[in-house]
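Listing of run-v8.cif, mmCIF, C-alpha atoms
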data_target
#
loop_
_atom_site.label_atom_id
_atom_site.label_comp_id
_atom_site.auth_asym_id
_atom_site.auth_seq_id
_atom_site.Cartn_x
_atom_site.Cartn_y
_atom_site.Cartn_z
CA MET A 7 77.22 -31.30 245.54
CA LYS A 8 75.16 -33.89 247.37
CA GLN A 9 72.69 -33.93 244.52
CA GLY A 10 75.52 -34.47 242.04
CA LEU A 11 76.86 -37.44 243.97
CA LEU A 12 73.42 -38.99 244.21
CA LEU A 13 72.89 -38.54 240.47
CA ALA A 14 76.28 -40.06 239.69
CA ALA A 15 75.45 -43.07 241.85
CA LEU A 16 72.09 -43.39 240.08
CA ALA A 17 73.74 -43.21 236.66
CA LEU A 18 76.27 -45.87 237.60
CA ALA A 19 73.63 -48.16 239.08
CA THR A 20 71.24 -47.93 236.11
CA ALA A 21 74.01 -48.31 233.55
CA GLY A 22 75.42 -51.31 235.44
CA LEU A 23 72.02 -52.97 235.69
CA LEU A 24 71.37 -52.47 232.00
CA ALA A 25 74.81 -53.79 231.04
CA ALA A 26 74.30 -56.88 233.20
CA LEU A 27 70.89 -57.52 231.67
CA GLN A 28 72.26 -57.09 228.16
CA HIS A 29 75.07 -59.50 228.96
CA LEU A 30 72.65 -62.10 230.35
CA ALA A 31 70.24 -61.81 227.44
CA ALA A 32 72.86 -61.79 224.67
CA PRO A 33 72.72 -65.54 223.86
CA GLY A 34 68.91 -65.46 223.76
CA ILE A 35 68.92 -62.42 221.50
CA GLU A 36 71.40 -64.00 219.10
CA GLN A 37 69.32 -67.19 218.95
CA GLU A 38 66.12 -65.24 218.31
CA ARG A 39 67.82 -63.18 215.61
CA GLN A 40 68.90 -66.31 213.78
CA ALA A 41 65.47 -67.87 214.12
CA ALA A 42 63.92 -64.66 212.76
CA SER A 43 66.17 -64.60 209.70
CA GLU A 44 65.24 -68.23 209.07
CA ARG A 45 61.55 -67.40 209.40
CA GLN A 46 61.95 -64.53 206.97
CA LEU A 47 63.38 -66.83 204.33
CA LEU A 48 60.82 -69.53 205.05
CA ASP A 49 57.67 -67.42 205.22
CA LEU A 50 56.75 -68.57 201.72
CA LEU A 51 55.96 -71.99 203.10
CA PRO A 52 52.68 -72.19 205.00
CA ALA A 53 53.20 -72.97 208.67
CA GLY A 54 52.67 -76.66 209.27
CA SER A 55 53.70 -77.68 205.76
CA TYR A 56 57.18 -78.60 206.97
CA ASP A 57 58.67 -79.86 210.19
CA ASN A 58 62.37 -79.93 209.45
CA ARG A 59 64.76 -77.00 209.34
CA PRO A 60 64.93 -76.39 205.58
CA LEU A 61 67.90 -74.07 205.83
CA GLN A 62 69.92 -77.00 207.11
CA GLU A 63 69.03 -79.12 204.08
CA THR A 64 70.58 -77.35 201.17
CA ILE A 65 70.34 -78.20 197.50
CA ALA A 66 73.41 -77.20 195.52
CA LEU A 67 72.50 -75.34 192.33
CA PRO A 68 75.65 -75.00 190.20
CA ALA A 69 75.93 -72.05 187.84
CA GLY A 70 74.66 -72.35 184.30
CA GLY A 71 72.19 -75.18 184.86
CA LEU A 72 68.62 -75.44 183.67
CA LEU A 73 67.66 -72.83 186.24
CA GLY A 74 69.81 -70.28 184.42
CA ASN A 75 71.42 -68.82 187.52
CA PRO A 76 74.59 -66.91 186.64
CA ARG A 77 76.47 -68.11 189.72
CA ALA A 78 76.19 -71.06 192.07
CA GLU A 79 73.19 -70.76 194.36
CA THR A 80 71.62 -72.75 197.15
CA GLY A 81 68.10 -74.11 197.29
CA TYR A 82 66.42 -75.53 200.34
CA LEU A 83 64.39 -78.66 200.91
CA ALA A 84 61.40 -78.76 203.25
CA ARG A 85 60.20 -82.03 204.69
CA LEU A 86 57.04 -83.11 206.44
CA HIS A 87 57.22 -86.34 208.44
CA GLY A 88 60.55 -87.09 206.83
CA LYS A 89 59.24 -86.88 203.28
CA PRO A 90 60.15 -83.93 201.06
CA SER A 91 57.18 -81.58 200.85
CA ALA A 92 58.52 -78.52 199.04
CA VAL A 93 61.63 -76.87 197.68
CA LEU A 94 62.76 -73.28 197.88
CA LEU A 95 64.65 -72.16 194.80
CA PRO A 96 66.35 -68.83 194.18
CA VAL A 97 65.86 -67.66 190.60
CA SER A 98 66.92 -64.52 188.84
CA ALA A 99 64.98 -62.69 186.17
CA ARG A 100 66.39 -60.09 183.81
CA GLY A 101 64.54 -56.95 184.81
CA TYR A 102 64.35 -53.62 183.09
CA GLU A 103 66.97 -52.03 185.33
CA GLY A 104 69.01 -55.02 186.37
CA PRO A 105 68.65 -58.51 187.71
CA ILE A 106 65.64 -59.34 189.86
CA ARG A 107 66.30 -62.02 192.42
CA LEU A 108 63.30 -64.08 193.49
CA LEU A 109 62.74 -66.91 195.89
CA VAL A 110 60.22 -69.49 194.74
CA ALA A 111 58.56 -72.16 196.83
CA ILE A 112 57.42 -75.17 194.80
CA SER A 113 55.50 -78.06 196.29
CA ILE A 114 56.82 -81.50 195.60
CA ASP A 115 54.08 -82.21 193.03
CA GLY A 116 55.22 -79.25 190.93
CA ARG A 117 52.81 -76.54 192.00
CA LEU A 118 54.08 -73.05 192.69
CA ILE A 119 53.25 -72.31 196.32
CA ALA A 120 54.42 -68.73 196.52
CA SER A 121 57.23 -66.45 195.44
CA LYS A 122 58.80 -63.26 196.66
CA VAL A 123 61.33 -60.72 195.53
CA LEU A 124 64.63 -60.77 197.36
CA GLU A 125 66.38 -58.05 195.39
CA GLN A 126 65.41 -55.75 192.55
CA ARG A 127 66.08 -52.34 191.05
CA GLU A 128 62.96 -51.74 188.95
CA THR A 129 61.66 -48.24 188.35
CA PRO A 130 60.06 -46.87 191.52
CA GLY A 131 56.42 -46.01 191.00
CA LEU A 132 56.14 -48.10 187.87
CA ALA A 133 57.48 -51.59 188.31
CA ASP A 134 58.94 -51.50 191.81
CA LEU A 135 58.03 -55.02 192.88
CA THR A 136 58.52 -54.35 196.59
CA ALA A 137 56.07 -51.42 196.70
CA PRO A 138 52.97 -52.23 198.78
CA GLN A 139 50.58 -51.99 195.83
CA ARG A 140 52.80 -54.25 193.70
CA ARG A 141 53.48 -56.91 196.28
CA SER A 142 50.24 -58.74 195.58
CA TRP A 143 51.02 -59.04 191.87
CA LEU A 144 53.29 -62.05 192.38
CA GLN A 145 50.36 -63.88 193.97
CA HIS A 146 48.77 -64.20 190.53
CA PHE A 147 51.22 -66.98 189.86
CA ASN A 148 50.53 -68.91 193.05
CA SER A 149 49.25 -72.46 192.62
CA LEU A 150 50.07 -72.58 188.91
CA THR A 151 51.78 -75.68 187.58
CA ALA A 152 54.11 -75.95 184.60
CA ASP A 153 51.18 -77.08 182.41
CA ASP A 154 48.91 -74.13 183.16
CA ASP A 155 48.36 -71.05 181.06
CA TRP A 156 51.24 -68.69 181.75
CA GLN A 157 50.41 -66.17 179.02
CA LEU A 158 50.16 -62.60 180.22
CA LYS A 159 47.05 -60.63 179.40
CA ALA A 160 49.24 -58.40 177.23
CA ASP A 161 49.92 -61.46 175.08
CA GLY A 162 46.33 -62.68 175.08
CA GLY A 163 46.63 -64.97 178.09
CA SER A 164 44.93 -64.95 181.45
CA VAL A 165 47.62 -63.79 183.88
CA ASP A 166 47.53 -60.13 184.82
CA HIS A 167 50.65 -58.09 184.20
CA ILE A 168 51.89 -54.87 185.74
CA ALA A 169 50.54 -52.02 183.64
CA GLY A 170 53.38 -50.13 182.01
CA ALA A 171 55.93 -52.75 182.98
CA THR A 172 55.41 -55.57 180.52
CA ILE A 173 59.12 -56.32 180.25
CA THR A 174 59.43 -56.80 184.01
CA SER A 175 56.24 -58.85 184.09
CA ARG A 176 57.37 -61.14 181.29
CA SER A 177 60.79 -61.57 182.75
CA VAL A 178 59.48 -62.49 186.19
CA ARG A 179 56.94 -64.83 184.62
CA ASP A 180 59.70 -66.55 182.63
CA ALA A 181 61.85 -66.92 185.72
CA LEU A 182 59.04 -68.51 187.74
CA GLN A 183 58.21 -70.80 184.86
CA ALA A 184 61.85 -71.78 184.52
CA ALA A 185 61.91 -72.66 188.20
CA LEU A 186 58.94 -75.01 187.76
CA ARG A 187 60.58 -76.62 184.72
CA PHE A 188 63.79 -77.00 186.61
CA HIS A 189 61.91 -78.61 189.46
CA ALA A 190 60.20 -81.10 187.19
CA ALA A 191 63.43 -81.96 185.41
CA GLU A 192 65.81 -82.08 188.31
CA LEU A 193 63.48 -83.57 190.88
CA GLU A 194 65.03 -86.98 190.85
CA THR A 195 68.68 -86.00 190.99
CA THR A 196 68.07 -83.19 193.43
CA PHE A 197 66.36 -85.37 195.94
CA ARG A 198 68.77 -88.21 195.53
CA ARG A 199 71.45 -85.72 196.45
CA ALA A 200 69.42 -84.63 199.44
CA GLY A 201 69.13 -88.25 200.53
CA ALA A 202 65.48 -89.08 199.87
CA THR A 203 64.33 -92.18 198.08
CA ARG A 204 62.54 -91.86 194.81
CA GLN A 205 59.54 -93.62 196.25
CA ALA A 206 59.21 -91.08 198.98
CA THR A 207 59.43 -88.15 196.64
CA ASP A 208 57.28 -88.76 193.63
CA GLY A 209 54.77 -91.43 194.51
CA GLY A 210 53.97 -91.79 190.81
CA LEU A 211 52.73 -88.23 190.52
CA HIS A 212 55.25 -86.83 188.14
CA PRO A 213 55.93 -86.60 184.44
CA PRO A 214 59.07 -88.30 183.15
CA TYR A 215 62.29 -87.12 184.79
CA GLY A 216 65.69 -86.57 183.34
CA VAL A 217 64.68 -83.89 180.83
CA GLN A 218 67.89 -81.94 180.50
CA LYS A 219 66.99 -79.45 177.77
CA PRO A 220 64.66 -76.60 178.62
CA ALA A 221 61.51 -76.58 176.55
CA PRO A 222 61.01 -73.41 174.49
CA LEU A 223 59.35 -70.80 176.63
CA GLU A 224 55.73 -70.12 175.95
CA GLY A 225 54.34 -66.72 175.20
CA GLN A 226 57.44 -65.22 173.65
CA PRO A 227 56.72 -62.70 170.95
CA MET B 190 49.06 -29.99 232.21
CA LYS B 191 47.74 -32.99 234.08
CA ARG B 192 47.67 -35.14 230.97
CA LEU B 193 51.08 -34.05 229.77
CA PRO B 194 52.84 -37.43 230.14
CA ALA B 195 50.26 -39.17 227.99
CA LEU B 196 50.30 -36.29 225.50
CA LEU B 197 54.06 -36.45 225.13
CA ALA B 198 53.75 -40.16 224.46
CA LEU B 199 51.71 -39.32 221.38
CA ALA B 200 54.70 -39.59 219.04
CA PRO B 201 55.49 -43.25 219.78
CA LEU B 202 51.76 -43.99 219.75
CA LEU B 203 51.35 -42.47 216.30
CA GLY B 204 54.23 -44.54 215.06
CA THR B 205 53.26 -47.89 216.49
CA THR B 206 49.50 -48.19 216.71
CA ASP B 207 48.89 -49.37 213.15
CA LEU B 208 48.86 -52.95 214.44
CA LEU B 209 47.21 -54.02 217.68
CA ILE B 210 50.09 -56.28 218.64
CA LYS B 211 52.57 -53.41 218.33
CA ALA B 212 50.26 -51.04 220.20
CA THR B 213 49.77 -53.54 223.03
CA THR B 214 53.49 -54.08 223.42
CA VAL B 215 54.25 -50.36 223.45
CA GLY B 216 51.39 -49.75 225.88
CA LEU B 217 52.60 -52.44 228.29
CA ILE B 218 56.22 -51.29 228.16
CA GLY B 219 55.05 -47.71 228.68
CA LEU B 220 52.88 -48.73 231.63
CA LEU B 221 55.74 -50.59 233.33
CA THR B 222 58.18 -47.77 232.62
CA LEU B 223 55.91 -45.07 234.01
CA LEU B 224 55.02 -47.20 237.02
CA VAL B 225 58.65 -47.89 237.93
CA CYS B 226 59.59 -44.29 237.22
CA GLY B 227 56.83 -42.93 239.43
CA LEU B 228 57.70 -45.31 242.28
CA ALA B 229 61.43 -44.58 242.04
CA LEU B 230 61.03 -40.82 241.82
CA ALA B 231 58.77 -40.51 244.86
CA PRO B 232 61.50 -40.91 247.53
CA LEU B 233 63.89 -38.74 245.53
CA ARG B 234 61.66 -35.71 245.32
CA ASN B 235 62.90 -34.41 248.68
CA ARG B 236 66.55 -34.71 247.76
CA LEU B 237 66.64 -33.73 244.11
CA HIS B 238 65.13 -30.63 242.57
CA GLY B 239 64.57 -29.11 239.17
CA ALA B 240 66.94 -30.29 236.49
CA HIS B 241 68.45 -32.91 238.79
CA LEU B 242 65.13 -34.61 239.26
CA ILE B 243 64.54 -34.60 235.49
CA LEU B 244 67.93 -36.18 234.97
CA ALA B 245 67.09 -38.88 237.51
CA ALA B 246 63.79 -39.50 235.69
CA LEU B 247 65.75 -39.86 232.46
CA PHE B 248 67.99 -42.49 234.09
CA PHE B 249 65.04 -44.52 235.32
CA GLY B 250 63.20 -44.22 232.03
CA ALA B 251 66.27 -45.28 230.09
CA LEU B 252 66.80 -48.22 232.43
CA CYS B 253 63.23 -49.51 232.03
CA LEU B 254 63.07 -48.91 228.30
CA GLY B 255 66.50 -50.46 227.78
CA ALA B 256 65.50 -53.52 229.78
CA GLY B 257 62.23 -53.71 227.88
CA GLU B 258 63.98 -53.53 224.54
CA VAL B 259 66.55 -56.17 225.50
CA MET B 260 63.82 -58.55 226.60
CA LEU B 261 61.75 -57.82 223.51
CA GLN B 262 64.75 -58.65 221.34
CA ALA B 263 65.08 -62.00 223.05
CA LEU B 264 61.33 -62.66 222.73
CA SER B 265 60.68 -61.64 219.16
CA ALA B 266 63.20 -60.10 216.80
CA GLU B 267 60.48 -59.01 214.36
CA LEU B 268 58.52 -57.10 216.99
CA ALA B 269 61.70 -55.51 218.34
CA ALA B 270 62.68 -54.39 214.85
CA ALA B 271 59.22 -52.92 214.26
CA LEU B 272 59.30 -50.97 217.51
CA SER B 273 62.98 -50.08 217.89
CA LEU B 274 62.53 -46.60 216.43
CA PHE B 275 59.77 -45.58 218.81
CA LEU B 276 60.51 -47.23 222.17
CA PRO B 277 63.14 -44.66 223.28
CA LEU B 278 60.57 -41.90 222.78
CA LEU B 279 58.64 -43.32 225.73
CA ALA B 280 61.26 -41.65 227.94
CA LEU B 281 59.48 -38.33 227.27
CA PRO B 282 56.49 -39.07 229.53
CA CYS B 283 58.98 -40.06 232.24
CA LEU B 284 60.52 -36.59 232.05
CA ALA B 285 57.07 -35.09 232.17
CA LEU B 286 56.39 -37.17 235.26
CA ALA B 287 59.30 -35.46 237.01
CA LEU B 288 58.01 -32.06 235.92
CA GLN B 289 54.44 -32.42 237.03
CA ASP B 290 53.34 -31.11 240.41
CA GLU B 291 51.30 -34.16 241.24
CA HIS B 292 53.33 -36.14 243.75
CA GLY B 293 52.77 -39.54 245.27
CA PRO B 294 54.21 -42.85 244.20
CA TRP B 295 51.21 -43.84 242.08
CA ALA B 296 51.27 -40.82 239.79
CA GLY B 297 53.08 -42.93 237.21
CA LEU B 298 50.50 -45.71 237.36
CA ARG B 299 47.71 -43.37 236.32
CA SER B 300 49.65 -41.98 233.35
CA GLY B 301 50.74 -45.48 232.39
CA LEU B 302 47.19 -46.79 232.42
CA ALA B 303 46.04 -43.85 230.32
CA LEU B 304 48.83 -44.56 227.86
CA LEU B 305 47.97 -48.28 227.68
CA GLY B 306 44.27 -47.51 227.24
CA LEU B 307 44.90 -45.03 224.45
CA ALA B 308 47.33 -47.44 222.77
CA LEU B 309 44.79 -50.27 222.87
CA LEU B 310 42.00 -48.04 221.58
CA LEU B 311 44.06 -46.60 218.73
CA GLY B 312 45.59 -49.97 217.93
CA THR B 313 42.24 -51.72 217.70
CA LEU B 314 40.59 -48.98 215.65
CA ARG B 315 43.51 -48.45 213.28
CA GLU B 316 44.09 -52.12 212.63
CA LEU B 317 40.41 -52.90 212.25
CA LEU B 318 39.63 -49.96 209.97
CA GLY B 319 43.04 -49.62 208.33
CA HIS B 320 44.10 -53.19 207.68
CA GLY B 321 40.70 -54.82 208.15
CA SER B 322 42.29 -57.36 210.42
CA LEU B 323 42.64 -57.99 214.12
CA LEU B 324 45.82 -59.14 215.83
CA ALA B 325 47.62 -59.69 212.55
CA HIS B 326 51.28 -60.58 213.07
CA ALA B 327 50.45 -61.77 216.57
CA ASN B 328 52.60 -64.78 215.69
CA TRP B 329 55.55 -62.44 216.34
CA LEU B 330 54.80 -62.81 220.01
CA PHE B 331 52.61 -65.89 220.44
CA GLY B 332 54.29 -68.34 218.07
CA PRO B 333 53.37 -69.51 214.57
CA THR B 334 50.09 -71.17 215.55
CA PHE B 335 48.42 -67.83 216.33
CA SER B 336 47.71 -65.87 213.21
CA GLY B 337 44.94 -63.35 213.95
CA TRP B 338 41.90 -62.64 211.81
CA GLN B 339 41.66 -60.99 208.41
CA LEU B 340 38.14 -59.65 208.19
CA PHE B 341 37.99 -57.32 205.18
CA SER B 342 40.24 -55.03 203.24
CA GLY B 343 40.62 -51.81 205.15
CA LEU B 344 41.27 -48.16 204.48
CA PRO B 345 45.05 -47.81 204.06
CA LEU B 346 45.01 -44.11 205.04
CA LEU B 347 44.47 -45.11 208.65
CA THR B 348 47.63 -47.22 208.68
CA GLN B 349 49.63 -44.03 208.02
CA ALA B 350 50.44 -41.40 210.64
CA ALA B 351 48.23 -38.84 208.90
CA GLY B 352 45.24 -41.13 209.29
CA THR B 353 45.95 -41.34 213.02
CA PHE B 354 45.56 -37.60 213.37
CA ILE B 355 42.20 -37.80 211.62
CA LEU B 356 41.15 -40.65 213.88
CA LEU B 357 42.40 -38.82 216.97
CA GLY B 358 40.45 -35.73 215.94
CA LEU B 359 37.30 -37.77 215.52
CA LEU B 360 37.81 -39.46 218.89
CA LEU B 361 38.40 -36.09 220.55
CA ALA B 362 35.25 -34.68 218.96
CA LEU B 363 33.28 -37.71 220.13
CA PHE B 364 34.72 -37.31 223.62
CA ARG B 365 33.82 -33.60 223.73
CA HIS B 366 30.37 -34.31 222.41
CA PHE B 367 29.47 -36.73 225.16
CA LYS B 368 31.26 -34.94 227.97
CA PRO B 369 30.45 -31.26 227.54
CA GLU B 370 31.86 -28.39 229.55
CA LYS B 371 33.46 -29.73 232.67
CA ALA B 372 34.85 -26.36 233.63
#
Before we go any further, please render this structure as structure tokens.
Amino acid sequence: MKQGLLLAALALATAGLLAALQHLAAPGIEQERQAASERQLLDLLPAGSYDNRPLQETIALPAGGLLGNPRAETGYLARLHGKPSAVLLPVSARGYEGPIRLLVAISIDGRLIASKVLEQRETPGLADLTAPQRRSWLQHFNSLTADDDWQLKADGGSVDHIAGATITSRSVRDALQAALRFHAAELETTFRRAGATRQATDGGLHPPYGVQKPAPLEGQP
Amino acid sequence: MKRLPALLALAPLLGTTDLLIKATTVGLIGLLTLLVCGLALAPLRNRLHGAHLILAALFFGALCLGAGEVMLQALSAELAAALSLFLPLLALPCLALALQDEHGPWAGLRSGLALLGLALLLGTLRELLGHGSLLAHANWLFGPTFSGWQLFSGLPLLTQAAGTFILLGLLLALFRHFKPEKA
């Protein structure tokens, strides 16, 4: 009986302590959770390449534009010392099993920084882009610009493709390429919308803006 | 029997020692938990017996681990997510602490130190040989400026639980080789 009472008191005390701690820490936990989800979206950008909060600076991407997104999406603008340094664009590719959603980071001078898969349904074991052994494949495209050779090895080019998943490889390649084209074409309007001056953004680095029609994709059979 | 607490902590160790940063965190939380548990159980041993004492140990273990998890969530959401499956399992060595005959308030400290040491050893070896890196993902805890070292590409088997058993077997063999027949 005495043991039971002591145990009950112990249970109450520990549960109360834990509840109080949880209550005190709740705001901190919520803040950290938000920061973590931001970091997860932003991990494409190298640390130190931006100093703003890109998720606060959104770029509206209406449906059916040059990017080819089926519904309205949001891109993000990264700045360093107040000047735009990179954009994050969501693109979708038509995969073998369904749409593949990717996030692409493009530096302001039109170079692909990195890309990652947000959502996909490709065949597990064959083209599953999130599998550990496939994850490095997307890195083949890093640091390419729109003018580089985007031909897959299957088509006689220099970029490796996923063996046995040429359709997925081509489709992802096309989507990344489309993102770079979109970036080149929409640079001016996009950044005017985001409030940057033209001088700050291009610095004379870029090909002519205002191209509204997508160029025919390279490497199509 | 003497090493039972550390042995029962093997499951969380297998699950979390593929990265040194995870192993260190689990080791530190385990050390604190076992220390507090041992200290708190010492005055209760006269009043509670058998199953009651085990239940009390469970309360203390749950309190420490719960507090540790809450604080970890506030510190680093990524680390908390990576460890959330395995932290509650650290309550097992607390139960074993109540069961063991060795009394004294510092019984928990010894088990905790053994746990931390094993976690650090396994974490270092598995990350170094498995991932070929050291303190990767340390930015989870120390902020984005600290990124660890990538040395070479490792042997992925060791990042899996099965590889840990192989490594543990090798370590045990090494230990037996250099410390023969105590009994």
Residues of chain B within 6 Å of chain A, counting all atoms listed in the file, as a tab-separated table (two decimals) with C-alpha atoms, in the frame of the given file:
chain	number	residue	atom	x	y	z
B	252	LEU	CA	66.80	-48.22	232.43
B	262	GLN	CA	64.75	-58.65	221.34
B	263	ALA	CA	65.08	-62.00	223.05
B	266	ALA	CA	63.20	-60.10	216.80
Inset, instruction - Name the residues in contact with range 284-293 of chain B at a cut-off of 10 Å, using only C-alpha atoms, excluding same-chain residues fewer than 6 positions from it; report them as an NGL selection string. - result: :B and (190-198 or 223 or 226-228 or 230-232 or 234 or 238-250 or 300)
Legend entry - Residue IDs satisfying the PyMOL selection byres ((chain B and resi 357) around 12), as a ChimeraX atom specification: /B:196,199,202-203,206,307-308,310-312,314-315,347,350-356,358-364
Legend entry - Option closest in space to Pro130 in chain A, from A:Ile65, A:Ala92, A:Ala171, A:Ala78 [counting all atoms listed in the file]: A:Ala171
Legend entry - Residues in the PyMOL selection byres ((chain A and resi 181) around 12), expressed as a PyMOL selection string: chain A and resi 72-75+95-101+105-110+121-123+144+147+152+156+174-180+182-188+223-224
Inset, instruction - Pick out the closest residue to Thr129 in chain A from this set: A:Arg117, A:Arg77, A:Ile173, A:Lys159. Count all atoms listed in the file. - result: A:Ile173
Legend entry - CA of Asp49 in chain A to CA of Thr205 in chain B, straight-line distance in Å: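 Computed distance, CA of Thr205 in chain B to CA of Asp49 in chain A, equals 23.0 Å.
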Inset, instruction - Can you work out the spacing between CA of Ala190 in chain A and CA of Gly116 in chain A in Å, to one decimal? - result: 6.5 Å
Inset, instruction - Go through B:Trp295, B:Phe367, B:Phe275, B:Phe335 one by one, measure the shortest atom-to-atom distance of each to Leu254 in chain B using only C-alpha atoms, and give the residue with the smallest value. - result: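 When distances to Leu254 in chain B are compared using only C-alpha atoms, the smallest one comes from B:Phe275.
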Inset, instruction - Using only C-alpha atoms, give me every residue within 7 Å of (65.0, -44.4, 226.7) in file coordinates, as number ranges by chain. - result: B: 250-251, 254-255, 276-280
Inset, instruction - Please write as a PyMOL selection string the full residue list that the PyMOL selection byres ((chain B and resi 216) around 10) yields on this file. - result: chain B and resi 198+201-202+205-206+210-215+217-222+279+301-309+312
Would you mind exporting C-alpha atoms of the selected residues as a compact mmCIF listing (two decimals), in the coordinates of the input?
# COMPACT_ATOMS: atom_id res chain seq x y z
CA ALA B 198 53.75 -40.16 224.46
CA PRO B 201 55.49 -43.25 219.78
CA LEU B 202 51.76 -43.99 219.75
CA THR B 205 53.26 -47.89 216.49
CA THR B 206 49.50 -48.19 216.71
CA ILE B 210 50.09 -56.28 218.64
CA LYS B 211 52.57 -53.41 218.33
CA ALA B 212 50.26 -51.04 220.20
CA THR B 213 49.77 -53.54 223.03
CA THR B 214 53.49 -54.08 223.42
CA VAL B 215 54.25 -50.36 223.45
CA LEU B 217 52.60 -52.44 228.29
CA ILE B 218 56.22 -51.29 228.16
CA GLY B 219 55.05 -47.71 228.68
CA LEU B 220 52.88 -48.73 231.63
CA LEU B 221 55.74 -50.59 233.33
CA THR B 222 58.18 -47.77 232.62
CA LEU B 279 58.64 -43.32 225.73
CA GLY B 301 50.74 -45.48 232.39
CA LEU B 302 47.19 -46.79 232.42
CA ALA B 303 46.04 -43.85 230.32
CA LEU B 304 48.83 -44.56 227.86
CA LEU B 305 47.97 -48.28 227.68
CA GLY B 306 44.27 -47.51 227.24
CA LEU B 307 44.90 -45.03 224.45
CA ALA B 308 47.33 -47.44 222.77
CA LEU B 309 44.79 -50.27 222.87
CA GLY B 312 45.59 -49.97 217.93
Can you take the partial range 166-177 of chain A, add N, CA and C atoms, and return it as a PDB file, in the coordinates of the input?
ATOM      1  N   ASP A 166      47.414 -61.582 184.808  1.00  0.00           N
ATOM      2  CA  ASP A 166      47.530 -60.130 184.820  1.00  0.00           C
ATOM      3  C   ASP A 166      48.998 -59.727 184.787  1.00  0.00           C
ATOM      4  N   HIS A 167      49.289 -58.596 184.150  1.00  0.00           N
ATOM      5  CA  HIS A 167      50.650 -58.090 184.200  1.00  0.00           C
ATOM      6  C   HIS A 167      50.631 -56.708 184.815  1.00  0.00           C
ATOM      7  N   ILE A 168      51.812 -56.215 185.166  1.00  0.00           N
ATOM      8  CA  ILE A 168      51.890 -54.870 185.740  1.00  0.00           C
ATOM      9  C   ILE A 168      51.753 -53.871 184.609  1.00  0.00           C
ATOM     10  N   ALA A 169      50.777 -52.994 184.704  1.00  0.00           N
ATOM     11  CA  ALA A 169      50.540 -52.020 183.640  1.00  0.00           C
ATOM     12  C   ALA A 169      51.768 -51.132 183.491  1.00  0.00           C
ATOM     13  N   GLY A 170      52.231 -50.979 182.268  1.00  0.00           N
ATOM     14  CA  GLY A 170      53.380 -50.130 182.010  1.00  0.00           C
ATOM     15  C   GLY A 170      54.702 -50.790 182.296  1.00  0.00           C
ATOM     16  N   ALA A 171      54.680 -52.062 182.670  1.00  0.00           N
ATOM     17  CA  ALA A 171      55.930 -52.750 182.980  1.00  0.00           C
ATOM     18  C   ALA A 171      55.873 -54.169 182.418  1.00  0.00           C
ATOM     19  N   THR A 172      55.575 -54.247 181.131  1.00  0.00           N
ATOM     20  CA  THR A 172      55.410 -55.570 180.520  1.00  0.00           C
ATOM     21  C   THR A 172      56.724 -56.341 180.500  1.00  0.00           C
ATOM     22  N   ILE A 173      57.834 -55.619 180.309  1.00  0.00           N
ATOM     23  CA  ILE A 173      59.120 -56.320 180.250  1.00  0.00           C
ATOM     24  C   ILE A 173      59.404 -56.994 181.591  1.00  0.00           C
ATOM     25  N   THR A 174      59.224 -56.237 182.677  1.00  0.00           N
ATOM     26  CA  THR A 174      59.430 -56.800 184.010  1.00  0.00           C
ATOM     27  C   THR A 174      58.488 -57.977 184.235  1.00  0.00           C
ATOM     28  N   SER A 175      57.211 -57.789 183.863  1.00  0.00           N
ATOM     29  CA  SER A 175      56.240 -58.850 184.090  1.00  0.00           C
ATOM     30  C   SER A 175      56.634 -60.122 183.352  1.00  0.00           C
ATOM     31  N   ARG A 176      56.989 -59.971 182.084  1.00  0.00           N
ATOM     32  CA  ARG A 176      57.370 -61.140 181.290  1.00  0.00           C
ATOM     33  C   ARG A 176      58.580 -61.830 181.877  1.00  0.00           C
ATOM     34  N   SER A 177      59.544 -61.015 182.257  1.00  0.00           N
ATOM     35  CA  SER A 177      60.790 -61.570 182.750  1.00  0.00           C
ATOM     36  C   SER A 177      60.570 -62.352 184.047  1.00  0.00           C
TER      37      SER A 177
END
